[in-house]
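Trainee: So that we are looking at the same thing, I have put the structure below in structure tokens.
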Amino acid sequence: MTTTTAERADVVARVPSRRPKEGRGVATTAHIALILWSLLVILPLVWTLLSSFKSTQEVLGNPLALPSKLHFENYSNAWTTAGIGRYFFNTVIVVGTALVLVMVLGAMCAYVLARFTFPGNRLIYYSMLAGLTFPVFLAIVPLFFVLKNLSLLNTLPGLIITYVAFALPFTVFFLHSFFKALPGEIYEAAQIDGAGEWRTFFSVMLPMARPGMASVAIFNFLGLWNQFLLPVALNTDSNNYVLSQGMASFASQAGYAVDFGALFAAVIITVAPVLVVYIIFQRQLQVSVTQGGVK
């Protein structure tokens, strides 16, 4: 009997020691998967960066080799000769203006829907959610005729309005939960101190939702910066091309005579702002995800 008790105690003592080993196995597998995924993302970017300093002959001759000489003129050729500079400024104007408008309008709409009760509140909210399920390509033809009737077809303002319309439902959906979770006592304290609705929103409630604002701003920026279908269908004037259109035009305008060094340089110019924005706001994005998990 003593032997049996000792054996049971030995088995019980061994059970906890197995769990850390199982946990280490899962962690090791997860780390290997993350390393492989990181390589899949980083290696193409590194290859594109190196190719942007090569000549066309080097790119076609040995794509995987290091550049024998750094051809910095590829960036100047892409910026001036290929017109990437003009497309870049058009994209900054369109995306920047649309992002500001959609963040302001989306935050105000989400705040009202989350904090106030009125007839039609849920109908408006679910109508916004329905906009998330509507495929973009189904709206191309109606949008074409609407912008044409408003004399906004092939113009930057028309593209800005379209971007705002398609980014607004996601913005309202994302920010609704942040404003819903804000404590009502702070709103009441602001009202007691004499702050009006506008002052309460911009000075008190909106700063408290800053992590959510930063996160949805990053998502909207990525989606609008990389938008291709809407500009191609609604903006056929080459003077008003955005970067996605300019890149497609640059890659196809000369067939096999494309300056591949300048083409890869144009890709780096296109990708760099996205990386910079993410690096700047990554901490706010992590805070937002953490708060969402806690809620």
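We name chains A, B, ... following the order of the structure tokens; residues begin at 1 in each chain, and ligands are numbered from 1 as shown.
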May I have the residues within 7 Å of Phe264 (chain A) as a PDB file with C-alpha atoms, in the first residue's frame, using only C-alpha atoms and disregarding those fewer than 4 positions away in the same chain?
Mentor:
ATOM      1  CA  THR A  48      12.232  44.855 -54.564  1.00  0.00           C
ATOM      2  CA  SER A  51      16.122  45.660 -57.638  1.00  0.00           C
ATOM      3  CA  SER A  52      15.281  49.354 -57.447  1.00  0.00           C
ATOM      4  CA  PHE A 260      12.543  47.846 -64.626  1.00  0.00           C
ATOM      5  CA  ILE A 268       9.276  51.468 -53.222  1.00  0.00           C
TER       6      ILE A 268
END
Trainee: Considering only C-alpha atoms, give me a table of residues in region 97-203 of chain A that are at most 7 Å from region 212-219 of chain A, with the closest atom pair and distance in Å for each, as JSON lines.
Mentor:
{"residue": "A:Thr171", "atom": "CA", "partner": "A:Val216", "partner_atom": "CA", "distance": 6.3}
{"residue": "A:Phe174", "atom": "CA", "partner": "A:Val216", "partner_atom": "CA", "distance": 6.9}
{"residue": "A:Leu175", "atom": "CA", "partner": "A:Gly212", "partner_atom": "CA", "distance": 6.3}
{"residue": "A:Phe178", "atom": "CA", "partner": "A:Gly212", "partner_atom": "CA", "distance": 6.6}
Trainee: Take the residues that were just selected and, keeping all heavy atoms, output them as an mmCIF file, in the first residue's frame.
Mentor:
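After the write, result_30.cif holds the following:
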data_model
loop_
_atom_site.group_PDB
_atom_site.id
_atom_site.type_symbol
_atom_site.label_atom_id
_atom_site.label_comp_id
_atom_site.auth_asym_id
_atom_site.auth_seq_id
_atom_site.Cartn_x
_atom_site.Cartn_y
_atom_site.Cartn_z
ATOM 1 N N THR A 171 -15.802 52.660 -40.680
ATOM 2 C CA THR A 171 -15.390 53.589 -39.626
ATOM 3 C C THR A 171 -16.441 53.660 -38.526
ATOM 4 O O THR A 171 -16.114 53.612 -37.335
ATOM 5 C CB THR A 171 -15.141 54.982 -40.220
ATOM 6 O OG1 THR A 171 -14.196 54.884 -41.285
ATOM 7 C CG2 THR A 171 -14.620 55.933 -39.163
ATOM 8 N N PHE A 174 -16.467 50.359 -36.539
ATOM 9 C CA PHE A 174 -15.293 50.186 -35.691
ATOM 10 C C PHE A 174 -15.357 51.089 -34.466
ATOM 11 O O PHE A 174 -15.009 50.668 -33.359
ATOM 12 C CB PHE A 174 -14.037 50.499 -36.502
ATOM 13 C CG PHE A 174 -12.759 50.040 -35.864
ATOM 14 C CD1 PHE A 174 -12.214 48.806 -36.177
ATOM 15 C CD2 PHE A 174 -12.097 50.831 -34.935
ATOM 16 C CE1 PHE A 174 -11.032 48.374 -35.593
ATOM 17 C CE2 PHE A 174 -10.924 50.406 -34.349
ATOM 18 C CZ PHE A 174 -10.382 49.178 -34.673
ATOM 19 N N LEU A 175 -15.769 52.335 -34.630
ATOM 20 C CA LEU A 175 -15.757 53.292 -33.527
ATOM 21 C C LEU A 175 -16.983 53.190 -32.635
ATOM 22 O O LEU A 175 -16.969 53.712 -31.510
ATOM 23 C CB LEU A 175 -15.657 54.722 -34.083
ATOM 24 C CG LEU A 175 -14.356 55.081 -34.801
ATOM 25 C CD1 LEU A 175 -14.427 56.507 -35.349
ATOM 26 C CD2 LEU A 175 -13.169 54.937 -33.870
ATOM 27 N N PHE A 178 -16.219 51.650 -29.287
ATOM 28 C CA PHE A 178 -15.360 52.479 -28.437
ATOM 29 C C PHE A 178 -16.188 53.550 -27.730
ATOM 30 O O PHE A 178 -16.032 53.761 -26.516
ATOM 31 C CB PHE A 178 -14.264 53.128 -29.276
ATOM 32 C CG PHE A 178 -13.092 52.232 -29.540
ATOM 33 C CD1 PHE A 178 -13.072 51.384 -30.628
ATOM 34 C CD2 PHE A 178 -11.999 52.222 -28.682
ATOM 35 C CE1 PHE A 178 -12.000 50.551 -30.868
ATOM 36 C CE2 PHE A 178 -10.913 51.389 -28.910
ATOM 37 C CZ PHE A 178 -10.921 50.553 -30.008
#
Trainee: Measuring atom to atom with only C-alpha atoms, identify which of A:Gly120, A:Gly96, A:Gly85, A:Gly194 is nearest to Trp225 (chain A).
Mentor: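 Residue with the minimum atom-to-atom distance to Trp225 (chain A): A:Gly96.
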Trainee: By how many Å are CA of Val102 (chain A) and CA of Ala165 (chain A) apart?
Mentor: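 For CA of Val102 (chain A) relative to CA of Ala165 (chain A), the distance reads 8.0 Å.
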Trainee: Of the candidates A:Ile32, A:Ala167, A:Ile279, A:Ala78, which one gets nearest to Leu132 (chain A) if we count only C-alpha atoms?
Mentor: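 Of all the options, A:Ala167 lies closest to Leu132 (chain A).
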Trainee: Excluding region 136-151 of chain A and residues on its chain fewer than 6 positions from it, collect all residues at most 12 Å away from it, counting only C-alpha atoms, and give them as an MDAnalysis selection string.
Mentor: chainID A and resid 157:163 165:167 227:236
Trainee: DSSP on the backbone, then: every residue of region 173-252 of chain A marked alpha helix (DSSP H), written as a VMD selection string.
Mentor: chain A and resid 173 to 181 184 to 192 197 to 200 206 to 208 210 to 225 229 to 234 243 to 252
Trainee: Might you pull out every residue within 12 Å of region 55-72 of chain A, with only C-alpha atoms counted and same-chain residues fewer than 5 positions away left off, and present them as a ChimeraX atom specification?
Mentor: /A:43-44,46-50,77-79,256-265
Trainee: Write the selection just made, keeping C-alpha atoms, as a compact mmCIF listing (two decimals), in the first residue's frame?
Mentor:
# COMPACT_ATOMS: atom_id res chain seq x y z
CA LEU A 43 12.10 38.81 -48.59
CA PRO A 44 9.97 40.19 -51.46
CA VAL A 46 14.11 43.30 -49.72
CA TRP A 47 14.31 41.93 -53.26
CA THR A 48 12.23 44.86 -54.56
CA LEU A 49 14.45 47.34 -52.72
CA LEU A 50 17.63 45.81 -54.15
CA ASN A 77 13.48 58.63 -63.47
CA ALA A 78 10.47 57.13 -61.75
CA TRP A 79 9.59 60.44 -60.08
CA TYR A 256 9.17 44.73 -72.82
CA ALA A 257 10.91 48.11 -73.04
CA VAL A 258 9.94 49.01 -69.48
CA ASP A 259 12.68 50.51 -67.33
CA PHE A 260 12.54 47.85 -64.63
CA GLY A 261 14.91 49.69 -62.31
CA ALA A 262 12.62 52.73 -62.33
CA LEU A 263 9.59 50.46 -62.03
CA PHE A 264 10.92 48.87 -58.82
CA ALA A 265 11.84 52.32 -57.55
Trainee: Just the number, please: distance in Å from CA of Val41 (chain A) to CA of Phe173 (chain A), one decimal.
Mentor: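 CA of Phe173 (chain A) lies 29.2 Å from CA of Val41 (chain A).
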